[in-house]
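Everything below belongs to input.cif, which stores mmCIF, C-alpha atoms, pLDDT in the B column; chains and numbers go by the auth columns.
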```
data_query
#
loop_
_atom_site.group_PDB
_atom_site.id
_atom_site.type_symbol
_atom_site.label_atom_id
_atom_site.label_comp_id
_atom_site.label_asym_id
_atom_site.label_seq_id
_atom_site.Cartn_x
_atom_site.Cartn_y
_atom_site.Cartn_z
_atom_site.B_iso_or_equiv
_atom_site.auth_seq_id
_atom_site.auth_asym_id
ATOM 1 C CA MET A 1 85.018 106.942 123.379 52.00 1415 T
ATOM 2 C CA GLY A 2 81.516 107.000 121.855 61.00 1416 T
ATOM 3 C CA ASN A 3 80.496 103.957 123.893 72.00 1417 T
ATOM 4 C CA GLY A 4 81.229 105.894 127.084 73.00 1418 T
ATOM 5 C CA ILE A 5 78.719 108.551 126.112 80.00 1419 T
ATOM 6 C CA TYR A 6 76.049 105.911 125.484 79.00 1420 T
ATOM 7 C CA VAL A 7 76.758 104.285 128.821 80.00 1421 T
ATOM 8 C CA PHE A 8 76.622 107.666 130.548 81.00 1422 T
ATOM 9 C CA ALA A 9 73.350 108.488 128.805 80.00 1423 T
ATOM 10 C CA GLY A 10 71.952 105.096 129.829 79.00 1424 T
ATOM 11 C CA VAL A 11 72.954 105.581 133.461 82.00 1425 T
ATOM 12 C CA ALA A 12 71.551 109.107 133.480 81.00 1426 T
ATOM 13 C CA CYS A 13 68.260 107.870 131.991 81.00 1427 T
ATOM 14 C CA ILE A 14 68.028 105.136 134.594 86.00 1428 T
ATOM 15 C CA LEU A 15 68.701 107.600 137.405 83.00 1429 T
ATOM 16 C CA VAL A 16 66.204 110.138 136.091 84.00 1430 T
ATOM 17 C CA SER A 17 63.619 107.403 135.488 84.00 1431 T
ATOM 18 C CA THR A 18 64.124 106.147 139.014 85.00 1432 T
ATOM 19 C CA GLY A 19 63.631 109.666 140.320 82.00 1433 T
ATOM 20 C CA VAL A 20 60.455 110.084 138.282 85.00 1434 T
ATOM 21 C CA ILE A 21 59.136 106.728 139.481 87.00 1435 T
ATOM 22 C CA LEU A 22 59.935 107.642 143.067 86.00 1436 T
ATOM 23 C CA ALA A 23 58.303 111.028 142.639 86.00 1437 T
ATOM 24 C CA ILE A 24 55.215 109.411 141.098 88.00 1438 T
ATOM 25 C CA ALA A 25 55.063 106.871 143.904 87.00 1439 T
ATOM 26 C CA ILE A 26 55.333 109.617 146.493 87.00 1440 T
ATOM 27 C CA LEU A 27 52.681 111.700 144.779 87.00 1441 T
ATOM 28 C CA LYS A 28 50.397 108.707 144.339 86.00 1442 T
ATOM 29 C CA GLN A 29 50.774 107.873 148.000 85.00 1443 T
ATOM 30 C CA SER A 30 50.011 111.431 148.981 80.00 1444 T
ATOM 31 C CA TRP A 31 46.932 111.520 146.777 79.00 1445 T
ATOM 32 C CA ALA A 32 45.681 108.275 148.265 79.00 1446 T
ATOM 33 C CA GLN A 33 46.221 109.628 151.723 72.00 1447 T
ATOM 34 C CA LYS A 34 44.456 112.846 150.769 68.00 1448 T
ATOM 35 C CA GLU A 35 41.406 110.860 149.802 70.00 1449 T
ATOM 36 C CA ARG A 36 41.465 109.141 153.178 68.00 1450 T
ATOM 37 C CA GLU A 37 42.092 112.257 155.146 69.00 1451 T
ATOM 38 C CA ALA A 38 42.686 115.850 154.355 64.00 1452 T
ATOM 39 C CA LEU A 39 46.334 116.829 154.268 63.00 1453 T
ATOM 40 C CA THR A 40 47.537 119.960 155.873 74.00 1454 T
ATOM 41 C CA SER A 41 49.843 122.436 154.188 80.00 1455 T
ATOM 42 C CA THR A 42 52.605 121.361 156.575 84.00 1456 T
ATOM 43 C CA ASP A 43 52.295 117.768 155.365 78.00 1457 T
ATOM 44 C CA LEU A 44 52.452 118.895 151.752 82.00 1458 T
ATOM 45 C CA ARG A 45 55.551 120.985 152.410 90.00 1459 T
ATOM 46 C CA ALA A 46 57.266 118.042 154.094 89.00 1460 T
ATOM 47 C CA LEU A 47 56.376 115.834 151.140 89.00 1461 T
ATOM 48 C CA GLU A 48 57.699 118.411 148.719 91.00 1462 T
ATOM 49 C CA GLU A 49 60.932 118.709 150.680 92.00 1463 T
ATOM 50 C CA SER A 50 61.330 114.901 150.610 92.00 1464 T
ATOM 51 C CA ALA A 51 60.861 114.875 146.869 90.00 1465 T
ATOM 52 C CA LEU A 52 63.338 117.703 146.415 93.00 1466 T
ATOM 53 C CA TYR A 53 65.831 115.897 148.651 93.00 1467 T
ATOM 54 C CA LEU A 54 65.477 112.724 146.548 91.00 1468 T
ATOM 55 C CA ILE A 55 65.940 114.694 143.343 92.00 1469 T
ATOM 56 C CA GLU A 56 69.118 116.292 144.721 93.00 1470 T
ATOM 57 C CA GLN A 57 70.436 112.861 145.706 94.00 1471 T
ATOM 58 C CA LEU A 58 69.723 111.550 142.208 91.00 1472 T
ATOM 59 C CA LYS A 59 71.444 114.558 140.663 92.00 1473 T
ATOM 60 C CA SER A 60 74.562 114.117 142.798 92.00 1474 T
ATOM 61 C CA GLU A 61 74.633 110.376 141.977 92.00 1475 T
ATOM 62 C CA ALA A 62 74.323 111.162 138.263 90.00 1476 T
ATOM 63 C CA ASP A 63 77.197 113.666 138.521 92.00 1477 T
ATOM 64 C CA ARG A 64 79.362 111.122 140.341 93.00 1478 T
ATOM 65 C CA SER A 65 78.565 108.480 137.720 91.00 1479 T
ATOM 66 C CA ALA A 66 79.425 110.916 134.922 91.00 1480 T
ATOM 67 C CA ASP A 67 82.782 111.729 136.541 93.00 1481 T
ATOM 68 C CA ASP A 68 83.505 108.011 136.947 92.00 1482 T
ATOM 69 C CA MET A 69 82.626 107.384 133.293 93.00 1483 T
ATOM 70 C CA ASP A 70 84.898 110.231 132.155 92.00 1484 T
ATOM 71 C CA ALA A 71 87.793 108.813 134.177 93.00 1485 T
ATOM 72 C CA ARG A 72 87.234 105.361 132.690 94.00 1486 T
ATOM 73 C CA CYS A 73 87.056 106.779 129.168 93.00 1487 T
ATOM 74 C CA GLN A 74 90.366 108.580 129.679 95.00 1488 T
ATOM 75 C CA ARG A 75 91.976 105.407 131.029 95.00 1489 T
ATOM 76 C CA LEU A 76 90.623 103.429 128.083 94.00 1490 T
ATOM 77 C CA ALA A 77 91.973 106.015 125.639 94.00 1491 T
ATOM 78 C CA SER A 78 95.434 105.791 127.225 95.00 1492 T
ATOM 79 C CA LEU A 79 95.342 101.976 127.059 95.00 1493 T
ATOM 80 C CA ILE A 80 94.361 102.112 123.389 95.00 1494 T
ATOM 81 C CA SER A 81 97.205 104.543 122.712 95.00 1495 T
ATOM 82 C CA ALA A 82 99.698 102.263 124.488 94.00 1496 T
ATOM 83 C CA ALA A 83 98.406 99.269 122.531 92.00 1497 T
ATOM 84 C CA ASP A 84 98.780 101.173 119.248 94.00 1498 T
ATOM 85 C CA GLU A 85 102.375 102.038 120.153 93.00 1499 T
ATOM 86 C CA ARG A 86 103.141 98.404 120.936 91.00 1500 T
ATOM 87 C CA ILE A 87 101.566 97.249 117.682 90.00 1501 T
ATOM 88 C CA ALA A 88 103.695 99.760 115.758 89.00 1502 T
ATOM 89 C CA THR A 89 106.822 98.498 117.565 86.00 1503 T
ATOM 90 C CA LEU A 90 105.938 94.897 116.729 83.00 1504 T
ATOM 91 C CA LYS A 91 105.394 95.808 113.077 83.00 1505 T
ATOM 92 C CA ASP A 92 108.808 97.495 113.000 80.00 1506 T
ATOM 93 C CA LEU A 93 110.407 94.413 114.570 79.00 1507 T
ATOM 94 C CA GLU A 94 108.634 92.167 112.087 80.00 1508 T
ATOM 95 C CA ALA A 95 109.890 94.248 109.156 78.00 1509 T
ATOM 96 C CA SER A 96 113.406 94.179 110.593 75.00 1510 T
ATOM 97 C CA LEU A 97 113.202 90.399 110.988 74.00 1511 T
ATOM 98 C CA HIS A 98 112.025 89.993 107.394 70.00 1512 T
ATOM 99 C CA ASP A 99 114.965 92.127 106.221 71.00 1513 T
ATOM 100 C CA ARG A 100 117.399 89.982 108.198 70.00 1514 T
ATOM 101 C CA VAL A 101 115.904 86.767 106.790 65.00 1515 T
ATOM 102 C CA ARG A 102 116.163 88.135 103.246 70.00 1516 T
ATOM 103 C CA ALA A 103 119.769 89.196 103.872 67.00 1517 T
ATOM 104 C CA SER A 104 120.716 85.781 105.240 60.00 1518 T
ATOM 105 C CA ALA A 105 118.947 84.056 102.336 58.00 1519 T
ATOM 106 C CA ALA A 106 121.118 86.005 99.900 55.00 1520 T
ATOM 107 C CA VAL A 107 124.223 84.116 101.123 49.00 1521 T
ATOM 108 C CA PRO A 108 124.296 80.573 99.657 53.00 1522 T
ATOM 109 C CA GLN A 109 123.811 77.996 102.393 52.00 1523 T
ATOM 110 C CA ALA A 110 126.633 75.806 101.052 49.00 1524 T
ATOM 111 C CA MET A 111 129.122 78.647 101.596 47.00 1525 T
ATOM 112 C CA VAL A 112 128.059 79.093 105.187 51.00 1526 T
ATOM 113 C CA ILE A 113 128.356 75.373 105.892 51.00 1527 T
ATOM 114 C CA GLU A 114 131.746 75.071 104.152 50.00 1528 T
ATOM 115 C CA GLU A 115 133.210 77.844 106.244 49.00 1529 T
ATOM 116 C CA THR A 116 132.201 76.228 109.517 61.00 1530 T
ATOM 117 C CA ASP A 117 133.136 72.529 109.091 70.00 1531 T
ATOM 118 C CA PRO A 118 135.829 71.042 106.806 77.00 1532 T
ATOM 119 C CA LYS A 119 134.162 67.617 107.023 78.00 1533 T
ATOM 120 C CA VAL A 120 130.995 69.070 105.576 76.00 1534 T
ATOM 121 C CA ALA A 121 132.969 70.890 102.880 79.00 1535 T
ATOM 122 C CA ARG A 122 134.511 67.561 101.821 84.00 1536 T
ATOM 123 C CA MET A 123 131.050 65.982 101.840 82.00 1537 T
ATOM 124 C CA LEU A 124 129.706 68.743 99.547 82.00 1538 T
ATOM 125 C CA ASP A 125 132.611 68.296 97.142 85.00 1539 T
ATOM 126 C CA LEU A 126 131.911 64.554 96.941 87.00 1540 T
ATOM 127 C CA ALA A 127 128.191 65.159 96.410 86.00 1541 T
ATOM 128 C CA SER A 128 128.867 67.648 93.622 86.00 1542 T
ATOM 129 C CA GLY A 129 131.088 64.988 92.041 85.00 1543 T
ATOM 130 C CA GLY A 130 128.062 62.688 91.784 86.00 1544 T
ATOM 131 C CA MET A 131 128.554 60.365 94.798 87.00 1545 T
ATOM 132 C CA ASP A 132 125.418 59.203 96.572 88.00 1546 T
ATOM 133 C CA SER A 133 124.823 59.806 100.289 87.00 1547 T
ATOM 134 C CA ALA A 134 125.702 56.242 101.392 89.00 1548 T
ATOM 135 C CA GLU A 135 129.131 56.381 99.706 90.00 1549 T
ATOM 136 C CA ILE A 136 129.790 59.881 101.055 86.00 1550 T
ATOM 137 C CA ALA A 137 128.912 58.694 104.593 86.00 1551 T
ATOM 138 C CA LYS A 138 131.509 55.911 104.349 89.00 1552 T
ATOM 139 C CA VAL A 139 134.244 58.187 102.996 88.00 1553 T
ATOM 140 C CA VAL A 140 133.631 61.033 105.473 86.00 1554 T
ATOM 141 C CA GLY A 141 132.904 58.770 108.448 85.00 1555 T
ATOM 142 C CA MET A 142 129.419 60.100 109.194 82.00 1556 T
ATOM 143 C CA ASP A 143 125.996 58.539 109.489 83.00 1557 T
ATOM 144 C CA CYS A 144 124.018 58.374 106.224 84.00 1558 T
ATOM 145 C CA ALA A 145 121.097 60.325 107.736 83.00 1559 T
ATOM 146 C CA GLU A 146 123.475 63.112 108.803 82.00 1560 T
ATOM 147 C CA VAL A 147 124.879 63.292 105.277 82.00 1561 T
ATOM 148 C CA ARG A 148 121.375 63.527 103.757 85.00 1562 T
ATOM 149 C CA LEU A 149 120.404 66.245 106.235 82.00 1563 T
ATOM 150 C CA ALA A 150 123.547 68.279 105.563 80.00 1564 T
ATOM 151 C CA LEU A 151 123.041 67.996 101.819 82.00 1565 T
ATOM 152 C CA ARG A 152 119.412 69.138 102.134 82.00 1566 T
ATOM 153 C CA LEU A 153 120.467 72.088 104.299 79.00 1567 T
ATOM 154 C CA ALA A 154 123.089 73.014 101.712 77.00 1568 T
ATOM 155 C CA GLY A 155 120.419 72.930 99.032 75.00 1569 T
ATOM 156 C CA MET A 156 121.847 69.913 97.245 73.00 1570 T
ATOM 157 C CA LYS A 157 119.902 66.843 96.205 66.00 1571 T
ATOM 158 C CA SER A 158 120.858 63.653 98.057 63.00 1572 T
ATOM 159 C CA ASN A 159 120.602 60.279 96.340 61.00 1573 T
#
```
What's the structure tokens form of this structure?
Amino acid sequence: MGNGIYVFAGVACILVSTGVILAIAILKQSWAQKEREALTSTDLRALEESALYLIEQLKSEADRSADDMDARCQRLASLISAADERIATLKDLEASLHDRVRASAAVPQAMVIEETDPKVARMLDLASGGMDSAEIAKVVGMDCAEVRLALRLAGMKSN
């Protein structure tokens, strides 16, 4: 929100500086003309009115720019708020996921595998009896690589 104020101040300074430069240019031009020929009071009034008109235009442009900056700052604040809410939701989801992973890690992997496939349960029994993975593969009728993978997933060492 602080950056918006700096931007507004910068824009206002630019607008005011432009107005001052324009006013100086107008005055300089009028002084040069005065040296060439004498100006009448009517000419000076017209010049003054032009300068006042330019200053009013600059003021209205500065007000419009300030309103635009305020609207953008409000939009930015709402986007930041929405982002903070989403970050909080993601943190909650992450914590929930970590809790689920911890809960699933508490159940021994061998028990989960045994419950789902009797072939794998037989393979685990043979491995706990000391058989190596090649012998288990022959007995169970599986590929040796599958036996090694299942034993690793169950947390058992394969020979």
If you take every atom of stretch 1419-1425 of chain T that the file lists and fit an axis-aligned box around them with 5 Å extra on each side, what centre and edge lengths come out in Å to one decimal, as AutoDock Vina command-line options?
```
--center_x 75.3 --center_y 106.4 --center_z 129.5 --size_x 16.8 --size_y 14.3 --size_z 18.0
```
| said: Under the PyMOL selection byres ((chain T and resi 1480) around 10), which residues of this model are included? Write them out as a list in words. | reply: Gly1418, Ile1419, Val1421, Phe1422, Ala1423, Val1425, Ala1426, Ser1474, Glu1475, Ala1476, Asp1477, Arg1478, Ser1479, Asp1481, Asp1482, Met1483, Asp1484, Ala1485 and Arg1486 of chain T
| field | Within 9 Å of stretch 1459-1461 of chain T using all atoms listed in the file, minus same-chain residues under 4 positions, as a PyMOL selection string | value | chain T and resi 1440-1441+1444+1454-1455+1465-1466
| Which of these residues is nearest to T:Asp1557, using only C-alpha atoms: T:Ile1469, T:Met1537, T:Ala1439, T:Ala1509? |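 The closest residue to T:Asp1557 is T:Met1537.
What the PyMOL selection byres ((chain T and resi 1545) around 12) picks from this file is T:Arg1536, T:Met1537, T:Leu1538, T:Asp1539, T:Leu1540, T:Ala1541, T:Ser1542, T:Gly1543, T:Gly1544, T:Asp1546, T:Ser1547, T:Ala1548, T:Glu1549, T:Ile1550, T:Ala1551, T:Lys1552, T:Val1553, T:Val1554, T:Val1561, T:Arg1562, T:Leu1565, T:Met1570, T:Lys1571, T:Ser1572, T:Asn1573.
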| request: Can you work out the spacing between atom CA of T:Arg1489 and atom CA of T:Gln1471 in Å, to one decimal? | output: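 If I compute the distance from atom CA of T:Arg1489 to atom CA of T:Gln1471, I get 27.1 Å.
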| What is the distance between atom CA of T:Gly1433 and atom CA of T:Ala1446, in Å to one decimal? |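 A separation of 19.7 Å between them.
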| task | Calculate how many Å separate atom CA of T:Leu1490 from atom CA of T:Ala1502, rounding to one decimal. | result |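 If I compute the distance from atom CA of T:Leu1490 to atom CA of T:Ala1502, I get 18.3 Å.
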| query | Using only C-alpha atoms, which of T:Asn1417, T:Lys1473, T:Ser1510, T:Glu1449 sits nearest T:Ser1431? | reply | T:Lys1473
